[in-house]
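**Student:** Dumping the structure here so I can ask a few things about it.
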There are 2 protein chains.
Amino acid sequence: MQIDKAEIIARELIRESDAAYLTTIAPDGFPATRGMLNLHSPERYPLLKEYLGERAAWELLFTTNTSSQKMSHLRENPKVSVYYCRPQLWSGLLLCGTMEIVTDMSVKEALWQPDWTAYYPGGAGDEDYAVLRLIPQRAELYHQLDGAKWEI
Amino acid sequence: MQIDKAEIIARELIRESDAAYLTTIAPDGFPATRGMLNLHSPERYPLLKEYLGERAAWELLFTTNTSSQKMSHLRENPKVSVYYCRPQLWSGLLLCGTMEIVTDMSVKEALWQPDWTAYYPGGAGDEDYAVLRLIPQRAELYHQLDGAKWEI
């Protein structure tokens, strides 16, 4: 598959995937995957569509708890992958790169959703509210027995 | 959550998940995830229900292509995780362990599905038809803001 076509399918998959599957590497060397909120889905996060649409093309943002296991994994080893997929369509996108912990309060505030006070009672300033940023280095798309690999 | 309750939910999740998300570690240290056929779903693979039901309680079997990237990852580093989930139910199961490549032809033949000749023209004896086995060492279940971790 041509890269330009693969990029179009990849972006659609990011928008349509039920969740983002983030994998970190635990200190004992085993990978650890968990589903993350897919903030890049305009259907699920309509309030974020404009803000995320104006940011860098391949920047992916995630929220999590500062106290979570993935954060302790990331501090030791920031190499991660994120997988987006639609199993029914035989379509999957693997993105690999180095995850950053975002400390910029303007980004944390821009992502904040009103109903997240259930998880972070202190709002966007809550110490347990963390934001992660991935600008992937490489992508692999599998789509209905076709696919592509490219550097970003 | 009590472990016995978590195990019940975990087994249900394995049966109901659209796919199994297998993560290997690439030689450059990045994790790599891809969706795999969920052979342990009786809805998707009714012909396998009896055979798999008679095998060891936590044995998970997968099929793949001998020539695939995951196989070259596994030969260098067999530490993997498999993730099952139902994102709509906020339910996810992480299983970590060491993946084995199955060479026992009786297992490969027992898993064989008639329509797989589209992928492996030579049938169960096709050189590109590979079977993988995971007996996980540890499990982590997340289920609707509750969860459990245990050794298997």
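Within each chain, counting starts at residue 1; across the structure tokens, chains are named A, B, ... in the order shown, with ligands numbered 1 upward in that order.
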Could you list, as a list in words, every residue of chain B that has an atom within 8 Å of an atom of chain A, counting only C-alpha atoms?
**Tutor:**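 That gives Asp18, Ala19, Thr23, Thr24, Ile25, Gly29, Phe30, Pro31, Ala32, Thr33, Arg34, Gly35, Lys79, Val80, Ser81, Val82, Tyr83, Cys85, Pro87, Gln88, Gly92, Leu94, Cys96 and Gly97 of chain B for chain B.
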**Student:** Apply DSSP to the structure's backbone, then extract all residues of chain A labelled alpha helix (DSSP H) and return them as a PyMOL selection string.
**Tutor:** chain A and resi 3-16+49-53+69-76+105-111
**Student:** Which of these, A:Gln144, A:Ser67, A:Gln2, A:Ser72, has the shortest distance to Ala130 (chain A) once you count only C-alpha atoms?
**Tutor:**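 The answer is A:Ser67, which sits nearest to Ala130 (chain A).
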**Student:** Which residue gives the smallest distance to Trp150 (chain B) among B:Glu109, B:Glu16, B:Arg138, B:Asp126, with only C-alpha atoms counted?
**Tutor:**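 Among B:Glu109, B:Glu16, B:Arg138, B:Asp126, it is B:Arg138 that comes nearest to Trp150 (chain B).
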**Student:** Considering only C-alpha atoms, can you say which of A:Ala139, A:Ala148, A:Thr66, A:Tyr129 comes closest to Thr117 (chain A)?
**Tutor:**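 Checking each of A:Ala139, A:Ala148, A:Thr66, A:Tyr129 against Thr117 (chain A), counting only C-alpha atoms, the winner is A:Tyr129.
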**Student:** Which residues are near Gly123 (chain B)? Cut-off 12 Å, only C-alpha atoms, ignore same chain within fewer than 2 positions. Put them as a list of chain:residue names.
**Tutor:**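 Final neighbour list, sorted by chain and number: B:Met105, B:Lys108, B:Glu109, B:Ala110, B:Leu111, B:Trp112, B:Gln113, B:Pro114, B:Asp115, B:Trp116, B:Thr117, B:Ala118, B:Tyr119, B:Tyr120, B:Pro121, B:Gly125, B:Asp126, B:Glu127, B:Asp128, B:Tyr129, B:Ala130.
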**Student:** Excluding region 48-56 of chain A and residues on its chain fewer than 2 positions from it, collect all residues at most 10 Å away from it, counting only C-alpha atoms, and give them as a PyMOL selection string.
**Tutor:** chain A and resi 39-46+58-61+107+110-113+135
